[in-house]
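See structure below.
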Protein chains: 2
Amino acid sequence: MQTKKELVIDASVRGRKGNSSNKHYSQEKRASSTNTSFGSSAAPLKIVFLGGLNEVGKNMTLYEYGGDMILVDCGLAFPDQDMLGVDIVLPDFTFVERNADKIRGIVVTHGHEDHIGGLPYLLKVLNIPIYGTRLTIGLIKGKLREHGLINEAKLFVVNPGDRIDLGCFNIECIHVNHSIPDALALAIRCKAGTVVQTGDFKIDSTPIDGGMIDLARISQIGNENVLCLLSDSTNAERPGYTESEKKVGDSFDILFRQAVGKRIIVATFASNIHRVQQIIDVAQLLGKKVALSGRSLDNVVNIGQELGYLNIPEGLMISIDMVKRYPADEIVIITTGSQGEPMSALARMAFSDHRKVEIGPNDYVIISATPIPGNEKTVNKVINELMKLGADVVYEKMYDVHVSGHACQEELKMMIGLVKPKYFIPVHGEQKHLRKHAALALSMGIDKKNILIADIGCVAEVSQNEIKFGANVPAGRVFVDGYGVGDVGSVVLRDRKHLAQDGLIIVAATVDMQLGQILSQPEVVSRGFVYVREAEQLIDDARQTALITIETCLDNNITDLGIIKAKLRDDVSRLMYERTKRSPMILPIIMDV
Amino acid sequence: MQTKKELVIDASVRGRKGNSSNKHYSQEKRASSTNTSFGSSAAPLKIVFLGGLNEVGKNMTLYEYGGDMILVDCGLAFPDQDMLGVDIVLPDFTFVERNADKIRGIVVTHGHEDHIGGLPYLLKVLNIPIYGTRLTIGLIKGKLREHGLINEAKLFVVNPGDRIDLGCFNIECIHVNHSIPDALALAIRCKAGTVVQTGDFKIDSTPIDGGMIDLARISQIGNENVLCLLSDSTNAERPGYTESEKKVGDSFDILFRQAVGKRIIVATFASNIHRVQQIIDVAQLLGKKVALSGRSLDNVVNIGQELGYLNIPEGLMISIDMVKRYPADEIVIITTGSQGEPMSALARMAFSDHRKVEIGPNDYVIISATPIPGNEKTVNKVINELMKLGADVVYEKMYDVHVSGHACQEELKMMIGLVKPKYFIPVHGEQKHLRKHAALALSMGIDKKNILIADIGCVAEVSQNEIKFGANVPAGRVFVDGYGVGDVGSVVLRDRKHLAQDGLIIVAATVDMQLGQILSQPEVVSRGFVYVREAEQLIDDARQTALITIETCLDNNITDLGIIKAKLRDDVSRLMYERTKRSPMILPIIMDV
């Protein structure tokens, strides 16, 4: 058991397990120890929500006290299906940019995309120091390398138990369980008090590695009169407890043995290193070789092995190129694509488009994941296609081939019960998750007026006296499409949607305005509207309509190109709707020579 | 209990409960009784699958024996998200058209869209007689009226127990439970033997109306040496039994009472008349008024009331316009939109876009449905928005506010056990459902070689000696977009996808080919690509590139417009990819005057 005194000592020996070349010592030393008693007269702490509320993904929180600001996480979100052509979605960094001089650093809780994915884009705006555990920093490094930012980046490795001083803030790192190793909760201290932000967590008493979540330390902090708890709402709708990761290993053991004579293929999230370890362990036990398929998996396994998070026996791994040389029942392939992503390795296998792996009746496929809402259909498609090729596919929950990385209701209640915060703010979730989590806090005896359901752009002002909303700050979604960050907005998306729905018709003509003459007959080109060879009459009629419209305009001495174009748009649009009941985008182009 | 003799009598008194004006008597009398013993030397019956296998929806099956063909069901499917702009999906009617002279009629098992939705389109191809129960025919009538086909249509009402003679086929109608009243299973008899096609069914021993599925009759038929069973695979993955519809009524009773002081809004499928009845019953019991919101709901409630399927107490229903005049706790609103459909009444309420209903903290919303795979995100969006407006929303399974209309594993096994077919063909489902259902049949002792997993376009040739695949027939998906049936194909969809992903750029120029001169500077127009005002430089550069490309062509005496366009496409495309990493569709238009 740690005492309060040891705690202070902890702070003084911070970084002891860290990389000795870390430059963050000096920075940490700048501020004096702040975890002393908090007066009720202290100014309020501001908690600014820049992402992760009323949405899944792009988690980002800013803390402001005095003249100092710190950030926690900077994630990305994946586009909804109505964000056509968008690659990824970022938080709006406007508020961060405006306060560039106050920001002391960013602490990252773990290495998932929804917590680190926005970092390269943030760093292009503002090159602030980044703090994270060894694996988290390892994954961030890979990301920054891709973006050509690795040289300038200020990266600092921290360990559970470490404390980071950033301006007037002192941040303690606490080990938690999650579906990626090395995840942290944070105790963030300043003169206003202590805030505990759980990050993504679950309580796993039999984790694969790294030990159980540090409930002892969390309990100790709970005796500090914690001001506010920000807790992970992802599974707030689910009763009970999330099963241990260990359970999945047991299932693998049973299923691998059942798949007599077959080649085993397991699809999982690349970042779930513990899951990968368990597959490796069972394969080793049963004398099988393991091959990897999927770029992100190669990447994570490399990093995991390099940093010592993966324990791979000598000679176990073989290249995916070698798989065909072994009998089916000596092989386990680990692959990406558990969400049915169209370009993933598993999808390519399912649609017979994988250069190295051909699926047949001798394959036993385990999908070790649950579809994220919105992915159900793509996952089903992959399952169906695999089955059509004759493979056995295991995907149901009943086989326990997947467990969540997030706490269910009983765990969430335990967190609230241990931290005993004055105020409670549910984070990481849609409205329904936040509400359910708030209801859990209420059921634990937290006063209704002390529970805040916030939104992105909200500022919670927290003091010993009250919790209330301050003035909002800019927040939102910034779309990344190719190299473009933010250049795809609502107008572009509306056009894409229109084009996707009904296609387009271009009506082009050349006129001599001075003479009031048409120089070339209107040309009508369509895309995504009808198959033109079967609709020649319709296109002819559109051409005829356009000709009449332009002639009528010219005859009436209408020379304003804007007016002529508007008329063309109306007339051709009307014709098309009457004939097809569709409303393609009409683009008139008139060239005046 | 009925005996075999009574069975024959049944056939002679067929239609006894039917509409006396039915014209189908004469037709039925055309054929002699066929349900006598079946010789093993009989020619094989052909079962042709035109829809509903390896897909959800557009169910359609064709039976051929001798020179006669009959159809069972003609449904539609809703488009997947990659079928951009498509309104509905139909079966391919090519095979039906080719065999127009052989087709004696179509029997419809029940009134859901995936069983009746294709009928108007089929009738435009071939005006065959349609047989269905009273409610089914009522719903079909509404559909045909919309399409202006009601006058020519040959509609015949049948009742459970009735038999229909169509050519050499005799079809017995058997009452089953489902999520719409008046659903049928069919026993289809010809010289080759008896085939039982279950339609969509569940076993509900406490249904709201119409009585339990006629297991007694199904058992009797099971003693006829049934040749083949085609059974509903929708829930083949779910263990156990589907709960009774009654359970939902009990939940409504509890929840309506819990919602003290609040207005109650229940979203459900319009066609689930029993669900609507239960809402009405509980509302009546608690002294509340009921209003409807949603066009399809108005429609179904009208038909249901007119035909006596709905029992609505005098004075209970009020217009949705009157809702605001009542205190919140005296009102129940039944609405469509349980799948989160963007234009539905519930979605409009959630996004504060409903003219009659404004959602607030005084509302208690029950979503009495489960999201169909693919709809999870839209349903979640609606739930989240309702909650943001302060409403309580009940949607979890744990409250039993919805039960499925399809049989689970134990019911499916019971069906197989009662029918005792020689051959088994799972229908209505994706590959994973068909496989699971086949596995259930195998576990019931049906010989593996007697179980057939088919696909659309497959022909099962079934005789007492064997079941095997015959030569395939044309089958597939026909897209309906506006008035167009089949004019949106893969080319159009590919273009729509491209446009949706990256938008388009039009490069237009007027040239005088004879003089080898450009008459107007190239015009560059983009849509869905970038927000032009913020990308003027990029558009300018595209214009410049286009100018150079055309000039170079003209300087080199290239006068083939096709070649110049191809060069323009290449050069502008390359520029755009280099600068934005996007690949918009490039449409060059060159007018030669």
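Simple scheme: letters A, B, ... for chains in structure tokens order, numbers from 1 for residues in each chain, numbers from 1 for ligands in the order shown.
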Original post:
Once you count only C-alpha atoms, which residues of chain A turn out to be within 8 Å of chain B? Could you give them as number ranges by chain?
Top reply: A: 54, 84-86, 373-377, 383-385, 387-388, 430-432, 481-484, 487-489, 491-497, 499-503, 508-510, 519-520, 527-531, 534, 579-582, 589, 591-593
Original post:
range 57-196 of chain B: which residues are alpha helix (DSSP H) by DSSP, as a PyMOL selection string?
Top reply: chain B and resi 94-98+113-116+119-125+134-146
Keeping N, CA and C atoms for every residue in the selection just given, could you write it to a file as a compact mmCIF listing (two decimals), in the first residue's frame?
```txt
# COMPACT_ATOMS: atom_id res chain seq x y z
N THR B 94 -36.81 -12.25 -66.22
CA THR B 94 -36.54 -12.82 -67.55
C THR B 94 -37.12 -14.24 -67.71
N PHE B 95 -36.85 -15.08 -66.73
CA PHE B 95 -37.30 -16.47 -66.84
C PHE B 95 -38.83 -16.56 -66.85
N VAL B 96 -39.45 -15.67 -66.08
CA VAL B 96 -40.92 -15.64 -66.04
C VAL B 96 -41.46 -15.20 -67.40
N GLU B 97 -40.86 -14.16 -67.94
CA GLU B 97 -41.30 -13.67 -69.26
C GLU B 97 -41.18 -14.75 -70.33
N ARG B 98 -40.06 -15.45 -70.32
CA ARG B 98 -39.82 -16.48 -71.33
C ARG B 98 -40.84 -17.60 -71.26
N GLU B 113 -43.43 -6.39 -47.72
CA GLU B 113 -42.82 -5.91 -48.96
C GLU B 113 -41.90 -6.93 -49.61
N ASP B 114 -41.19 -7.70 -48.79
CA ASP B 114 -40.24 -8.66 -49.38
C ASP B 114 -40.96 -9.89 -49.97
N HIS B 115 -42.31 -9.86 -49.89
CA HIS B 115 -43.09 -10.93 -50.52
C HIS B 115 -44.10 -10.41 -51.54
N ILE B 116 -44.49 -9.14 -51.42
CA ILE B 116 -45.47 -8.61 -52.37
C ILE B 116 -44.92 -7.40 -53.18
N LEU B 119 -44.78 -7.24 -57.05
CA LEU B 119 -45.97 -7.58 -57.85
C LEU B 119 -46.35 -6.55 -58.91
N PRO B 120 -46.37 -5.25 -58.57
CA PRO B 120 -46.76 -4.29 -59.62
C PRO B 120 -45.85 -4.39 -60.84
N TYR B 121 -44.57 -4.61 -60.60
CA TYR B 121 -43.62 -4.69 -61.71
C TYR B 121 -43.79 -6.00 -62.47
N LEU B 122 -44.09 -7.06 -61.74
CA LEU B 122 -44.35 -8.34 -62.40
C LEU B 122 -45.58 -8.25 -63.28
N LEU B 123 -46.62 -7.61 -62.74
CA LEU B 123 -47.88 -7.52 -63.48
C LEU B 123 -47.75 -6.71 -64.76
N LYS B 124 -46.81 -5.75 -64.74
CA LYS B 124 -46.59 -4.98 -65.97
C LYS B 124 -45.98 -5.87 -67.05
N VAL B 125 -45.31 -6.93 -66.61
CA VAL B 125 -44.69 -7.86 -67.54
C VAL B 125 -45.69 -8.94 -67.94
N ARG B 134 -57.08 -12.41 -47.19
CA ARG B 134 -57.83 -11.17 -47.29
C ARG B 134 -56.95 -9.94 -47.04
N LEU B 135 -56.17 -9.98 -45.96
CA LEU B 135 -55.32 -8.83 -45.66
C LEU B 135 -54.24 -8.67 -46.72
N THR B 136 -53.65 -9.79 -47.12
CA THR B 136 -52.60 -9.75 -48.14
C THR B 136 -53.14 -9.11 -49.42
N ILE B 137 -54.30 -9.57 -49.85
CA ILE B 137 -54.89 -9.01 -51.07
C ILE B 137 -55.23 -7.53 -50.85
N GLY B 138 -55.69 -7.19 -49.65
CA GLY B 138 -55.99 -5.79 -49.33
C GLY B 138 -54.76 -4.91 -49.50
N LEU B 139 -53.63 -5.38 -49.01
CA LEU B 139 -52.39 -4.60 -49.12
C LEU B 139 -51.91 -4.56 -50.57
N ILE B 140 -52.07 -5.68 -51.28
CA ILE B 140 -51.67 -5.71 -52.70
C ILE B 140 -52.52 -4.71 -53.49
N LYS B 141 -53.81 -4.67 -53.18
CA LYS B 141 -54.71 -3.75 -53.88
C LYS B 141 -54.20 -2.31 -53.77
N GLY B 142 -53.82 -1.91 -52.56
CA GLY B 142 -53.33 -0.55 -52.36
C GLY B 142 -52.14 -0.26 -53.26
N LYS B 143 -51.26 -1.26 -53.32
CA LYS B 143 -50.05 -1.15 -54.13
C LYS B 143 -50.39 -1.03 -55.62
N LEU B 144 -51.32 -1.87 -56.08
CA LEU B 144 -51.66 -1.87 -57.51
C LEU B 144 -52.40 -0.59 -57.88
N ARG B 145 -53.17 -0.07 -56.93
CA ARG B 145 -53.87 1.19 -57.18
C ARG B 145 -52.85 2.30 -57.45
N GLU B 146 -51.82 2.36 -56.62
CA GLU B 146 -50.77 3.36 -56.82
C GLU B 146 -50.12 3.27 -58.20
```
Original post:
Skipping near chain neighbours, those fewer than 6 positions away, what residues fall within 9 Å of Asp209 in chain A using only C-alpha atoms, listed as a list in words?
Top reply: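 So, after excluding close chain neighbours, the residues are Pro181, His274 and Tyr309 of chain A.
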Output the selection as a short mmCIF file (atom, residue, chain, number, x, y, z; two decimals), in the first residue's frame - C-alpha atoms for each residue.
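File produced: out_36.cif:
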```cif
data_model
loop_
_atom_site.label_atom_id
_atom_site.label_comp_id
_atom_site.auth_asym_id
_atom_site.auth_seq_id
_atom_site.Cartn_x
_atom_site.Cartn_y
_atom_site.Cartn_z
CA PRO A 181 -1.45 -2.97 -23.66
CA HIS A 274 -2.76 -9.58 -26.15
CA TYR A 309 5.13 -6.71 -25.63
#
```
Original post:
Hey, what's within 12 Å of Tyr399 in chain A if we count only C-alpha atoms and toss same-chain stuff fewer than 3 positions away? As a VMD selection string, please?
Top reply: chain A and resid 247 to 255 366 to 370 393 to 396 402 to 403
**OP:** Can you list, as a ChimeraX atom specification, all residues belonging to range 346-589 of chain B that DSSP tags as strand (DSSP E or B)?
**Re:** /B:363-367,392-394,423-427,429,451,459-462,467-469,477-481,484-485,504-512,517-527,585-589
Tell me, as a PDB file with N, CA and C atoms, in the first residue's frame, which residues lie within 12 Å of Asp101 in chain A, counting only C-alpha atoms; anything in the same chain fewer than 4 positions away does not count.
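Once everything was written out, this is part-v2.pdb:
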```pdb
ATOM      1  N   GLY A  67      -2.737  30.191 -16.263  1.00  0.00           N
ATOM      2  CA  GLY A  67      -2.363  30.474 -17.645  1.00  0.00           C
ATOM      3  C   GLY A  67      -1.929  29.238 -18.399  1.00  0.00           C
ATOM      4  N   ASP A  68      -2.197  28.066 -17.825  1.00  0.00           N
ATOM      5  CA  ASP A  68      -1.700  26.830 -18.432  1.00  0.00           C
ATOM      6  C   ASP A  68      -2.820  25.959 -19.004  1.00  0.00           C
ATOM      7  N   MET A  69      -2.486  25.307 -20.082  1.00  0.00           N
ATOM      8  CA  MET A  69      -3.403  24.338 -20.674  1.00  0.00           C
ATOM      9  C   MET A  69      -2.665  23.040 -20.966  1.00  0.00           C
ATOM     10  N   ILE A  70      -3.381  21.934 -20.773  1.00  0.00           N
ATOM     11  CA  ILE A  70      -2.839  20.645 -21.231  1.00  0.00           C
ATOM     12  C   ILE A  70      -3.924  19.933 -22.026  1.00  0.00           C
ATOM     13  N   PHE A  95      -9.477  26.121 -31.322  1.00  0.00           N
ATOM     14  CA  PHE A  95      -9.274  26.592 -29.949  1.00  0.00           C
ATOM     15  C   PHE A  95      -7.834  26.348 -29.493  1.00  0.00           C
ATOM     16  N   VAL A  96      -7.281  25.230 -29.930  1.00  0.00           N
ATOM     17  CA  VAL A  96      -5.891  24.912 -29.586  1.00  0.00           C
ATOM     18  C   VAL A  96      -4.951  25.923 -30.233  1.00  0.00           C
ATOM     19  N   GLU A  97      -5.205  26.216 -31.502  1.00  0.00           N
ATOM     20  CA  GLU A  97      -4.366  27.197 -32.215  1.00  0.00           C
ATOM     21  C   GLU A  97      -4.397  28.555 -31.533  1.00  0.00           C
ATOM     22  N   GLY A 105       1.557  20.733 -23.182  1.00  0.00           N
ATOM     23  CA  GLY A 105       1.827  19.376 -23.652  1.00  0.00           C
ATOM     24  C   GLY A 105       0.560  18.566 -23.776  1.00  0.00           C
ATOM     25  N   LEU A 126       0.802  22.727 -34.250  1.00  0.00           N
ATOM     26  CA  LEU A 126       1.439  23.125 -32.995  1.00  0.00           C
ATOM     27  C   LEU A 126       2.302  21.977 -32.492  1.00  0.00           C
ATOM     28  N   ASN A 127       3.590  22.174 -32.470  1.00  0.00           N
ATOM     29  CA  ASN A 127       4.484  21.070 -32.122  1.00  0.00           C
ATOM     30  C   ASN A 127       4.687  20.976 -30.607  1.00  0.00           C
ATOM     31  N   ILE A 128       3.694  20.430 -29.911  1.00  0.00           N
ATOM     32  CA  ILE A 128       3.776  20.335 -28.453  1.00  0.00           C
ATOM     33  C   ILE A 128       4.345  18.988 -28.029  1.00  0.00           C
ATOM     34  N   GLY A 167       3.213  22.861 -16.712  1.00  0.00           N
ATOM     35  CA  GLY A 167       2.702  24.112 -16.172  1.00  0.00           C
ATOM     36  C   GLY A 167       2.253  23.881 -14.745  1.00  0.00           C
TER      37      GLY A 167
END
```
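CA of Ala270 in chain B to CA of Gly52 in chain B spans 22.3 Å [interatomic distance, one decimal].
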**OP:** Rounded to one decimal place, report the CA of Gly562 in chain B-CA of Ala546 in chain B distance in Å.
**Re:** 14.8 Å
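Across the model, the gap from CA of His110 in chain B to CA of Asp73 in chain B is 8.2 Å.
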Would you kindly return, as a short mmCIF file (atom, residue, chain, number, x, y, z; two decimals) with N, CA and C atoms, in the first residue's frame, each protein, DNA or RNA residue with an atom no farther than 12 Å from any atom of Ile359 in chain A, considering only C-alpha atoms and excluding same-chain residues fewer than 5 positions away?
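Here's the written file selection-v6.cif:
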```cif
data_model
loop_
_atom_site.label_atom_id
_atom_site.label_comp_id
_atom_site.auth_asym_id
_atom_site.auth_seq_id
_atom_site.Cartn_x
_atom_site.Cartn_y
_atom_site.Cartn_z
N LYS A 262 -7.76 -28.89 -40.36
CA LYS A 262 -8.02 -27.66 -41.11
C LYS A 262 -6.96 -26.60 -40.85
N ARG A 263 -6.87 -25.69 -41.79
CA ARG A 263 -6.05 -24.50 -41.61
C ARG A 263 -6.88 -23.49 -40.83
N ILE A 264 -6.25 -22.85 -39.87
CA ILE A 264 -6.98 -21.90 -39.02
C ILE A 264 -6.62 -20.47 -39.41
N ILE A 265 -7.64 -19.66 -39.56
CA ILE A 265 -7.43 -18.25 -39.88
C ILE A 265 -8.18 -17.43 -38.84
N LYS A 324 1.65 -21.98 -48.20
CA LYS A 324 1.21 -23.06 -49.09
C LYS A 324 2.10 -24.31 -49.01
N ALA A 328 -2.35 -28.05 -44.30
CA ALA A 328 -3.34 -27.12 -43.74
C ALA A 328 -3.33 -27.12 -42.21
N ILE A 333 -3.16 -18.60 -39.57
CA ILE A 333 -2.94 -17.29 -40.17
C ILE A 333 -3.68 -16.25 -39.32
N ALA A 345 -7.22 -7.76 -45.59
CA ALA A 345 -6.76 -9.09 -45.98
C ALA A 345 -7.91 -10.11 -45.95
N LEU A 346 -8.72 -10.09 -44.91
CA LEU A 346 -9.79 -11.09 -44.81
C LEU A 346 -10.82 -10.90 -45.93
N ALA A 347 -11.17 -9.66 -46.24
CA ALA A 347 -12.13 -9.40 -47.32
C ALA A 347 -11.56 -9.90 -48.64
N ARG A 348 -10.24 -9.68 -48.84
CA ARG A 348 -9.64 -10.16 -50.08
C ARG A 348 -9.66 -11.68 -50.14
N MET A 349 -9.43 -12.32 -49.01
CA MET A 349 -9.55 -13.79 -48.98
C MET A 349 -10.98 -14.21 -49.35
N ALA A 350 -11.95 -13.53 -48.75
CA ALA A 350 -13.35 -13.91 -48.94
C ALA A 350 -13.77 -13.76 -50.41
N PHE A 351 -13.26 -12.70 -51.04
CA PHE A 351 -13.66 -12.46 -52.43
C PHE A 351 -12.62 -13.01 -53.42
N SER A 352 -11.86 -14.01 -52.95
CA SER A 352 -10.87 -14.72 -53.79
C SER A 352 -9.93 -13.75 -54.48
N ASP A 353 -9.49 -12.75 -53.75
CA ASP A 353 -8.68 -11.70 -54.33
C ASP A 353 -7.35 -11.56 -53.56
N HIS A 354 -7.02 -12.57 -52.75
CA HIS A 354 -5.81 -12.52 -51.95
C HIS A 354 -4.74 -13.33 -52.66
N TYR A 364 -10.75 -22.97 -41.57
CA TYR A 364 -11.56 -22.76 -40.37
C TYR A 364 -11.27 -21.32 -39.92
N VAL A 365 -12.24 -20.44 -40.18
CA VAL A 365 -12.01 -19.01 -39.95
C VAL A 365 -12.69 -18.56 -38.66
N VAL A 382 -18.63 -10.63 -45.69
CA VAL A 382 -17.39 -11.40 -45.66
C VAL A 382 -17.66 -12.82 -45.15
N ILE A 383 -18.45 -12.92 -44.09
CA ILE A 383 -18.79 -14.25 -43.54
C ILE A 383 -19.49 -15.09 -44.61
N GLU A 385 -19.42 -14.83 -47.86
CA GLU A 385 -18.54 -15.20 -48.98
C GLU A 385 -17.58 -16.31 -48.57
N LEU A 386 -17.05 -16.22 -47.35
CA LEU A 386 -16.16 -17.28 -46.86
C LEU A 386 -16.90 -18.61 -46.85
N MET A 387 -18.14 -18.57 -46.39
CA MET A 387 -18.93 -19.81 -46.34
C MET A 387 -19.23 -20.35 -47.72
N LYS A 388 -19.47 -19.45 -48.68
CA LYS A 388 -19.74 -19.91 -50.04
C LYS A 388 -18.54 -20.65 -50.61
N LEU A 389 -17.35 -20.26 -50.15
CA LEU A 389 -16.14 -20.96 -50.60
C LEU A 389 -15.94 -22.27 -49.85
N GLY A 390 -16.85 -22.55 -48.93
CA GLY A 390 -16.81 -23.83 -48.22
C GLY A 390 -16.17 -23.78 -46.85
N ALA A 391 -15.67 -22.63 -46.44
CA ALA A 391 -14.99 -22.55 -45.15
C ALA A 391 -15.97 -22.63 -43.98
N ASP A 392 -15.49 -23.16 -42.87
CA ASP A 392 -16.21 -23.01 -41.61
C ASP A 392 -15.90 -21.63 -41.08
N VAL A 393 -16.92 -20.93 -40.59
CA VAL A 393 -16.67 -19.61 -40.03
C VAL A 393 -17.28 -19.52 -38.64
#
```
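Once Val157 in chain A and its same-chain neighbours fewer than 4 positions away are set aside, Gly18, Tyr131, Gly132, Thr133 and Arg134 of chain A remain within 6 Å of it when counting only C-alpha atoms.
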Original post:
With only C-alpha atoms as the atoms that count, which of A:Gly470, A:Gly308, A:Gly211, A:Gly75 lies nearest to Gly118 in chain A?
Top reply: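 When distances to Gly118 in chain A are compared using only C-alpha atoms, the smallest one comes from A:Gly75.
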